[in-house]
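Peer 1: Sharing model12.txt here; it has compact mmCIF, N, CA and C atoms and all ligand atoms.
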```txt
# COMPACT_ATOMS: atom_id res chain seq x y z
N MET A 1 32.50 76.53 66.77
CA MET A 1 31.70 77.21 65.76
C MET A 1 30.26 76.70 65.82
N THR A 2 29.33 77.62 65.75
CA THR A 2 27.91 77.24 65.77
C THR A 2 27.54 76.63 64.42
N GLN A 3 26.91 75.47 64.48
CA GLN A 3 26.47 74.83 63.24
C GLN A 3 25.28 75.59 62.66
N PRO A 4 25.27 75.75 61.35
CA PRO A 4 24.10 76.41 60.74
C PRO A 4 22.91 75.46 60.81
N LYS A 5 21.73 76.03 60.72
CA LYS A 5 20.51 75.22 60.65
C LYS A 5 20.59 74.42 59.36
N TRP A 6 20.30 73.14 59.47
CA TRP A 6 20.47 72.25 58.32
C TRP A 6 19.36 72.37 57.30
N ILE A 7 18.13 72.39 57.78
CA ILE A 7 16.98 72.45 56.88
C ILE A 7 16.46 73.88 56.92
N PRO A 8 16.20 74.46 55.75
CA PRO A 8 15.68 75.84 55.75
C PRO A 8 14.30 75.92 56.37
N GLU A 9 13.97 77.09 56.86
CA GLU A 9 12.63 77.31 57.40
C GLU A 9 11.64 77.25 56.24
N PRO A 10 10.62 76.40 56.34
CA PRO A 10 9.67 76.29 55.21
C PRO A 10 8.90 77.58 54.98
N SER A 11 8.66 77.88 53.74
CA SER A 11 7.76 78.98 53.41
C SER A 11 6.34 78.42 53.43
N GLU A 12 5.37 79.28 53.34
CA GLU A 12 3.98 78.79 53.30
C GLU A 12 3.80 77.85 52.10
N ALA A 13 4.43 78.19 50.97
CA ALA A 13 4.27 77.39 49.76
C ALA A 13 4.95 76.03 49.87
N SER A 14 6.08 75.96 50.59
CA SER A 14 6.83 74.69 50.65
C SER A 14 6.50 73.86 51.89
N LYS A 15 5.62 74.36 52.74
CA LYS A 15 5.30 73.67 54.00
C LYS A 15 4.90 72.20 53.81
N PRO A 16 4.03 71.86 52.84
CA PRO A 16 3.65 70.45 52.68
C PRO A 16 4.85 69.54 52.38
N PHE A 17 5.85 70.05 51.67
CA PHE A 17 7.05 69.25 51.40
C PHE A 17 7.73 68.88 52.72
N PHE A 18 7.91 69.87 53.60
CA PHE A 18 8.61 69.63 54.86
C PHE A 18 7.75 68.83 55.84
N GLU A 19 6.44 69.00 55.81
CA GLU A 19 5.56 68.19 56.66
C GLU A 19 5.60 66.73 56.20
N GLY A 20 5.71 66.52 54.89
CA GLY A 20 5.83 65.16 54.36
C GLY A 20 7.07 64.46 54.88
N ILE A 21 8.17 65.18 54.94
CA ILE A 21 9.42 64.60 55.45
C ILE A 21 9.22 64.10 56.87
N LYS A 22 8.54 64.88 57.69
CA LYS A 22 8.30 64.46 59.08
C LYS A 22 7.46 63.19 59.15
N GLU A 23 6.65 62.95 58.11
CA GLU A 23 5.81 61.74 58.04
C GLU A 23 6.54 60.60 57.35
N GLY A 24 7.80 60.83 56.96
CA GLY A 24 8.55 59.78 56.26
C GLY A 24 8.15 59.64 54.79
N LYS A 25 7.67 60.75 54.23
CA LYS A 25 7.22 60.72 52.83
C LYS A 25 7.89 61.82 52.02
N LEU A 26 8.01 61.57 50.74
CA LEU A 26 8.46 62.62 49.83
C LEU A 26 7.23 63.09 49.08
N LYS A 27 6.71 64.25 49.48
CA LYS A 27 5.52 64.82 48.87
C LYS A 27 5.94 65.89 47.86
N LEU A 28 5.38 65.79 46.68
CA LEU A 28 5.65 66.79 45.65
C LEU A 28 4.32 67.23 45.04
N GLN A 29 4.40 68.27 44.25
CA GLN A 29 3.19 68.84 43.67
C GLN A 29 2.81 68.16 42.36
N VAL A 30 1.50 68.06 42.15
CA VAL A 30 0.95 67.53 40.92
C VAL A 30 -0.12 68.49 40.42
N CYS A 31 -0.10 68.76 39.14
CA CYS A 31 -1.15 69.57 38.53
C CYS A 31 -2.42 68.72 38.43
N SER A 32 -3.52 69.21 39.01
CA SER A 32 -4.77 68.45 38.98
C SER A 32 -5.35 68.37 37.56
N ASN A 33 -5.00 69.32 36.72
CA ASN A 33 -5.54 69.35 35.36
C ASN A 33 -4.82 68.38 34.43
N CYS A 34 -3.49 68.46 34.36
CA CYS A 34 -2.76 67.65 33.37
C CYS A 34 -1.91 66.55 34.01
N LYS A 35 -1.90 66.48 35.35
CA LYS A 35 -1.20 65.41 36.11
C LYS A 35 0.32 65.50 36.02
N THR A 36 0.86 66.63 35.61
CA THR A 36 2.31 66.81 35.58
C THR A 36 2.83 67.04 36.99
N TRP A 37 3.91 66.33 37.34
CA TRP A 37 4.55 66.51 38.65
C TRP A 37 5.50 67.69 38.58
N HIS A 38 5.68 68.37 39.72
CA HIS A 38 6.54 69.56 39.75
C HIS A 38 7.48 69.54 40.94
N TYR A 39 8.69 69.98 40.70
CA TYR A 39 9.66 70.28 41.75
C TYR A 39 10.75 71.11 41.10
N PRO A 40 11.16 72.23 41.68
CA PRO A 40 10.72 72.81 42.95
C PRO A 40 9.28 73.34 42.91
N VAL A 41 8.90 73.93 44.03
CA VAL A 41 7.53 74.36 44.25
C VAL A 41 7.09 75.37 43.17
N VAL A 42 5.88 75.15 42.67
CA VAL A 42 5.29 76.07 41.68
C VAL A 42 3.94 76.56 42.19
N ARG A 43 3.51 77.67 41.64
CA ARG A 43 2.15 78.16 41.94
C ARG A 43 1.24 77.90 40.75
N VAL A 44 1.86 77.81 39.56
CA VAL A 44 1.13 77.58 38.32
C VAL A 44 1.83 76.47 37.56
N CYS A 45 1.06 75.57 36.97
CA CYS A 45 1.64 74.47 36.19
C CYS A 45 2.37 75.02 34.97
N SER A 46 3.64 74.66 34.83
CA SER A 46 4.42 75.12 33.68
C SER A 46 4.04 74.38 32.40
N HIS A 47 3.26 73.31 32.53
CA HIS A 47 2.87 72.54 31.35
C HIS A 47 1.56 73.06 30.74
N CYS A 48 0.55 73.32 31.61
CA CYS A 48 -0.77 73.70 31.07
C CYS A 48 -1.27 75.06 31.58
N GLY A 49 -0.57 75.64 32.54
CA GLY A 49 -0.97 76.96 33.03
C GLY A 49 -2.01 76.93 34.14
N SER A 50 -2.46 75.75 34.54
CA SER A 50 -3.47 75.67 35.60
C SER A 50 -2.85 76.06 36.94
N ASN A 51 -3.66 76.68 37.80
CA ASN A 51 -3.17 76.95 39.16
C ASN A 51 -3.81 75.99 40.15
N ASP A 52 -4.39 74.91 39.64
CA ASP A 52 -4.98 73.87 40.50
C ASP A 52 -3.88 72.83 40.78
N ILE A 53 -3.07 73.12 41.79
CA ILE A 53 -1.91 72.30 42.12
C ILE A 53 -2.16 71.62 43.47
N GLU A 54 -1.91 70.32 43.53
CA GLU A 54 -2.10 69.56 44.78
C GLU A 54 -0.79 68.89 45.18
N TRP A 55 -0.71 68.50 46.45
CA TRP A 55 0.46 67.75 46.95
C TRP A 55 0.09 66.27 47.05
N HIS A 56 0.99 65.42 46.55
CA HIS A 56 0.77 63.97 46.64
C HIS A 56 2.06 63.28 47.07
N ASP A 57 1.90 62.09 47.66
CA ASP A 57 3.06 61.28 48.00
C ASP A 57 3.68 60.72 46.72
N THR A 58 4.99 60.72 46.64
CA THR A 58 5.65 60.00 45.55
C THR A 58 5.82 58.54 45.99
N LYS A 59 6.17 57.67 45.04
CA LYS A 59 6.41 56.27 45.39
C LYS A 59 7.74 56.11 46.11
N GLY A 60 8.61 57.11 45.99
CA GLY A 60 9.92 57.01 46.63
C GLY A 60 10.87 56.08 45.90
N ARG A 61 10.64 55.93 44.61
CA ARG A 61 11.52 55.05 43.81
C ARG A 61 11.99 55.77 42.57
N GLY A 62 13.13 55.32 42.05
CA GLY A 62 13.65 55.89 40.84
C GLY A 62 14.92 55.18 40.42
N VAL A 63 15.66 55.83 39.52
CA VAL A 63 16.95 55.28 39.07
C VAL A 63 17.98 56.41 39.06
N VAL A 64 19.24 56.01 39.18
CA VAL A 64 20.33 56.98 39.15
C VAL A 64 20.49 57.48 37.72
N TYR A 65 20.46 58.80 37.55
CA TYR A 65 20.77 59.39 36.25
C TYR A 65 22.26 59.68 36.18
N SER A 66 22.79 60.34 37.21
CA SER A 66 24.22 60.60 37.29
C SER A 66 24.58 60.83 38.76
N HIS A 67 25.86 60.78 39.04
CA HIS A 67 26.30 61.02 40.42
C HIS A 67 27.73 61.51 40.43
N SER A 68 28.08 62.15 41.53
CA SER A 68 29.42 62.66 41.73
C SER A 68 29.77 62.51 43.20
N ARG A 69 31.06 62.46 43.48
CA ARG A 69 31.50 62.27 44.86
C ARG A 69 32.15 63.55 45.36
N LEU A 70 31.66 64.05 46.47
CA LEU A 70 32.25 65.23 47.11
C LEU A 70 33.21 64.73 48.18
N GLN A 71 34.47 65.13 48.06
CA GLN A 71 35.47 64.59 48.98
C GLN A 71 36.08 65.64 49.90
N ARG A 72 35.82 66.92 49.62
CA ARG A 72 36.35 67.99 50.46
C ARG A 72 35.22 68.72 51.17
N VAL A 73 35.48 69.19 52.35
CA VAL A 73 34.49 69.98 53.08
C VAL A 73 34.38 71.34 52.39
N MET A 74 33.24 71.59 51.79
CA MET A 74 32.98 72.86 51.11
C MET A 74 32.02 73.72 51.91
N HIS A 75 31.45 73.13 52.96
CA HIS A 75 30.46 73.81 53.80
C HIS A 75 30.46 73.09 55.14
N PRO A 76 30.24 73.81 56.24
CA PRO A 76 30.25 73.13 57.55
C PRO A 76 29.32 71.91 57.61
N ARG A 77 28.28 71.91 56.81
CA ARG A 77 27.35 70.78 56.83
C ARG A 77 27.96 69.50 56.25
N HIS A 78 29.10 69.63 55.57
CA HIS A 78 29.73 68.44 54.99
C HIS A 78 30.61 67.69 55.98
N GLU A 79 30.95 68.36 57.11
CA GLU A 79 31.80 67.72 58.12
C GLU A 79 31.21 66.37 58.50
N ASP A 80 32.05 65.39 58.61
CA ASP A 80 31.66 64.04 59.05
C ASP A 80 30.71 63.33 58.10
N ARG A 81 30.52 63.85 56.89
CA ARG A 81 29.62 63.19 55.93
C ARG A 81 30.35 62.79 54.66
N LEU A 82 31.67 62.96 54.62
CA LEU A 82 32.41 62.69 53.40
C LEU A 82 32.90 61.24 53.35
N PRO A 83 33.04 60.64 52.17
CA PRO A 83 32.63 61.22 50.90
C PRO A 83 31.11 61.24 50.78
N LEU A 84 30.64 62.31 50.22
CA LEU A 84 29.21 62.53 50.06
C LEU A 84 28.87 62.34 48.58
N VAL A 85 27.91 61.50 48.29
CA VAL A 85 27.51 61.26 46.91
C VAL A 85 26.34 62.17 46.57
N VAL A 86 26.58 63.08 45.64
CA VAL A 86 25.53 63.97 45.13
C VAL A 86 25.04 63.34 43.83
N ALA A 87 23.74 63.14 43.75
CA ALA A 87 23.21 62.41 42.59
C ALA A 87 22.01 63.11 41.99
N GLN A 88 21.82 62.84 40.71
CA GLN A 88 20.58 63.19 40.04
C GLN A 88 19.80 61.89 39.92
N ILE A 89 18.58 61.90 40.46
CA ILE A 89 17.74 60.71 40.47
C ILE A 89 16.50 60.98 39.63
N ASP A 90 16.23 60.08 38.69
CA ASP A 90 14.98 60.15 37.93
C ASP A 90 13.94 59.34 38.69
N ILE A 91 13.00 60.05 39.33
CA ILE A 91 11.98 59.34 40.11
C ILE A 91 10.87 58.86 39.18
N ASP A 92 10.13 57.86 39.66
CA ASP A 92 9.08 57.23 38.84
C ASP A 92 8.04 58.23 38.35
N GLU A 93 7.89 59.33 39.05
CA GLU A 93 6.87 60.33 38.69
C GLU A 93 7.34 61.22 37.53
N GLY A 94 8.57 61.01 37.02
CA GLY A 94 9.01 61.74 35.84
C GLY A 94 9.82 62.99 36.12
N LEU A 95 10.28 63.16 37.34
CA LEU A 95 11.12 64.32 37.67
C LEU A 95 12.55 63.86 37.93
N ARG A 96 13.48 64.76 37.69
CA ARG A 96 14.89 64.51 38.02
C ARG A 96 15.23 65.37 39.23
N LEU A 97 15.62 64.74 40.33
CA LEU A 97 15.91 65.44 41.57
C LEU A 97 17.40 65.41 41.88
N PHE A 98 17.92 66.53 42.38
CA PHE A 98 19.26 66.54 42.98
C PHE A 98 19.11 66.09 44.41
N THR A 99 19.93 65.15 44.84
CA THR A 99 19.80 64.61 46.18
C THR A 99 21.12 63.98 46.59
N ASN A 100 21.15 63.38 47.75
CA ASN A 100 22.31 62.61 48.19
C ASN A 100 21.96 61.14 48.08
N LEU A 101 22.96 60.35 47.70
CA LEU A 101 22.82 58.90 47.62
C LEU A 101 23.68 58.33 48.73
N VAL A 102 23.07 57.61 49.64
CA VAL A 102 23.78 57.17 50.84
C VAL A 102 23.87 55.64 50.90
N GLY A 103 24.80 55.17 51.72
CA GLY A 103 24.86 53.75 52.04
C GLY A 103 25.57 52.86 51.05
N SER A 104 26.25 53.44 50.07
CA SER A 104 26.93 52.62 49.07
C SER A 104 28.33 53.14 48.81
N ASP A 105 29.21 52.23 48.44
CA ASP A 105 30.53 52.61 47.98
C ASP A 105 30.34 53.38 46.67
N PRO A 106 30.77 54.65 46.62
CA PRO A 106 30.53 55.44 45.40
C PRO A 106 31.08 54.78 44.12
N LYS A 107 32.09 53.97 44.26
CA LYS A 107 32.67 53.31 43.07
C LYS A 107 31.73 52.27 42.48
N LEU A 108 30.77 51.80 43.26
CA LEU A 108 29.87 50.74 42.80
C LEU A 108 28.55 51.28 42.24
N ILE A 109 28.35 52.60 42.30
CA ILE A 109 27.09 53.19 41.82
C ILE A 109 27.19 53.39 40.31
N LYS A 110 26.13 52.97 39.60
CA LYS A 110 26.10 53.13 38.15
C LYS A 110 24.81 53.84 37.71
N SER A 111 24.90 54.57 36.63
CA SER A 111 23.68 55.15 36.05
C SER A 111 22.71 54.02 35.76
N GLY A 112 21.45 54.24 36.05
CA GLY A 112 20.42 53.23 35.83
C GLY A 112 20.15 52.35 37.03
N ASP A 113 21.00 52.41 38.05
CA ASP A 113 20.75 51.61 39.26
C ASP A 113 19.44 52.05 39.91
N PRO A 114 18.60 51.09 40.31
CA PRO A 114 17.37 51.45 41.01
C PRO A 114 17.65 51.95 42.42
N VAL A 115 16.90 52.96 42.83
CA VAL A 115 17.08 53.55 44.16
C VAL A 115 15.73 53.71 44.84
N GLU A 116 15.79 53.86 46.15
CA GLU A 116 14.57 54.12 46.91
C GLU A 116 14.82 55.20 47.95
N LEU A 117 13.74 55.83 48.32
CA LEU A 117 13.79 56.93 49.28
C LEU A 117 14.23 56.45 50.65
N ASP A 118 15.02 57.26 51.30
CA ASP A 118 15.40 57.03 52.68
C ASP A 118 15.53 58.41 53.33
N PHE A 119 15.82 58.43 54.60
CA PHE A 119 15.98 59.71 55.29
C PHE A 119 17.24 59.66 56.13
N GLU A 120 18.01 60.73 56.08
CA GLU A 120 19.21 60.84 56.89
C GLU A 120 18.89 61.79 58.04
N GLU A 121 19.21 61.35 59.25
CA GLU A 121 19.00 62.24 60.40
C GLU A 121 20.19 63.16 60.52
N LEU A 122 19.92 64.43 60.55
CA LEU A 122 20.97 65.45 60.64
C LEU A 122 21.32 65.72 62.09
N PRO A 123 22.49 66.32 62.33
CA PRO A 123 22.92 66.54 63.72
C PRO A 123 21.92 67.31 64.58
N ASP A 124 21.11 68.17 63.97
CA ASP A 124 20.14 68.91 64.78
C ASP A 124 18.80 68.18 64.91
N GLY A 125 18.75 66.93 64.41
CA GLY A 125 17.55 66.10 64.56
C GLY A 125 16.59 66.17 63.39
N ASP A 126 16.78 67.13 62.49
CA ASP A 126 15.92 67.20 61.31
C ASP A 126 16.23 66.03 60.38
N LEU A 127 15.28 65.70 59.53
CA LEU A 127 15.47 64.64 58.55
C LEU A 127 15.67 65.23 57.17
N LEU A 128 16.58 64.61 56.42
CA LEU A 128 16.87 65.02 55.06
C LEU A 128 16.48 63.88 54.13
N PRO A 129 15.61 64.14 53.14
CA PRO A 129 15.29 63.05 52.20
C PRO A 129 16.52 62.76 51.34
N VAL A 130 16.87 61.49 51.25
CA VAL A 130 18.00 61.03 50.46
C VAL A 130 17.55 59.76 49.74
N PHE A 131 18.40 59.20 48.92
CA PHE A 131 18.08 57.93 48.29
C PHE A 131 19.21 56.94 48.57
N ARG A 132 18.90 55.67 48.48
CA ARG A 132 19.90 54.61 48.58
C ARG A 132 19.61 53.56 47.52
N LEU A 133 20.63 52.80 47.14
CA LEU A 133 20.42 51.76 46.13
C LEU A 133 19.40 50.77 46.67
N SER A 134 18.50 50.33 45.80
CA SER A 134 17.41 49.44 46.22
C SER A 134 17.91 48.07 46.68
N ASN A 135 18.99 47.61 46.13
CA ASN A 135 19.44 46.25 46.45
C ASN A 135 20.37 46.23 47.66
N GLN A 136 20.44 47.30 48.43
CA GLN A 136 21.34 47.29 49.60
C GLN A 136 20.62 47.70 50.86
ZN ZN B 1 -0.91 71.19 34.26
```
Can you present the structure in this file as structure tokens?
Peer 2:
Amino acid sequence: MTQPKWIPEPSEASKPFFEGIKEGKLKLQVCSNCKTWHYPVVRVCSHCGSNDIEWHDTKGRGVVYSHSRLQRVMHPRHEDRLPLVVAQIDIDEGLRLFTNLVGSDPKLIKSGDPVELDFEELPDGDLLPVFRLSNQ
């Protein structure tokens, strides 16, 4: 079976996000007017209505808000990656991201644990931004 492409083709609006990944960074949007961070991609700030939106590097740090363990293959991309920890991470910039938490026994992960950005190399060579516990 042909593997599906792992990372979607970037749109013009999301291109900086995907270029950041290639640089080893998690870049997200910030409103230049009110400094609110945004994800997913926006064209207009949902806080103040400004369309002056810029891309900035995040610190790549946060804490676990919640997590769950995926143990069954629900999509071809899950093959060889189970158990997969799907987590909500509160990053320092004030956003909650859905992501994967890698490198830890899922039983040892707790809400509030500090995490840092990492990248998982996918079978087709693309990089996926993920997080791992800071103390491991
Ligand atoms: Zn704003």
Peer 1: Provide the atom N of Glu116 of chain A to atom CA of Leu101 of chain A distance in Å, to one decimal place.
Peer 2: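 Atom CA of Leu101 of chain A lies at a distance of 8.8 Å from atom N of Glu116 of chain A.
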Peer 1: One number please: atom CA of Leu28 of chain A to atom CA of Pro40 of chain A, in Å, one decimal.
Peer 2: 8.3 Å
Peer 1: Give me the residues near segment 117-125 of chain A as a list in words, where near means some atom within 6.5 Å (using all atoms listed in the file) and where sequence neighbours in that chain fewer than 2 positions away do not count.
Peer 2: Lys59, Gly60, Arg61, Gly62, Val115, Leu127, Leu128, Pro129, Val130, Phe131 and Arg132 of chain A
Peer 1: Would you give the centre and edge lengths, in Å to one decimal, of a box along x, y and z around the listed atoms of segment 92-107 of chain A, with 6 Å added to each side, as AutoDock Vina command-line options?
Peer 2:
```
--center_x 19.8 --center_y 59.4 --center_z 43.9 --size_x 37.8 --size_y 26.3 --size_z 28.2
```
Peer 1: If the limit is 5 Å from any atom of ligand ZN 1 (chain B), counting all atoms listed in the file, which residues qualify? Return them as an NGL selection string.
Peer 2: :A and (31 or 33-35 or 45 or 47-50)
Peer 1: Looking at only C-alpha atoms, which of A:Ile7, A:Leu108, A:Val63, A:Leu95 is the one that sits closest to Gln29 of chain A?
Peer 2: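 Checking each of A:Ile7, A:Leu108, A:Val63, A:Leu95 against Gln29 of chain A, counting only C-alpha atoms, the winner is A:Leu95.
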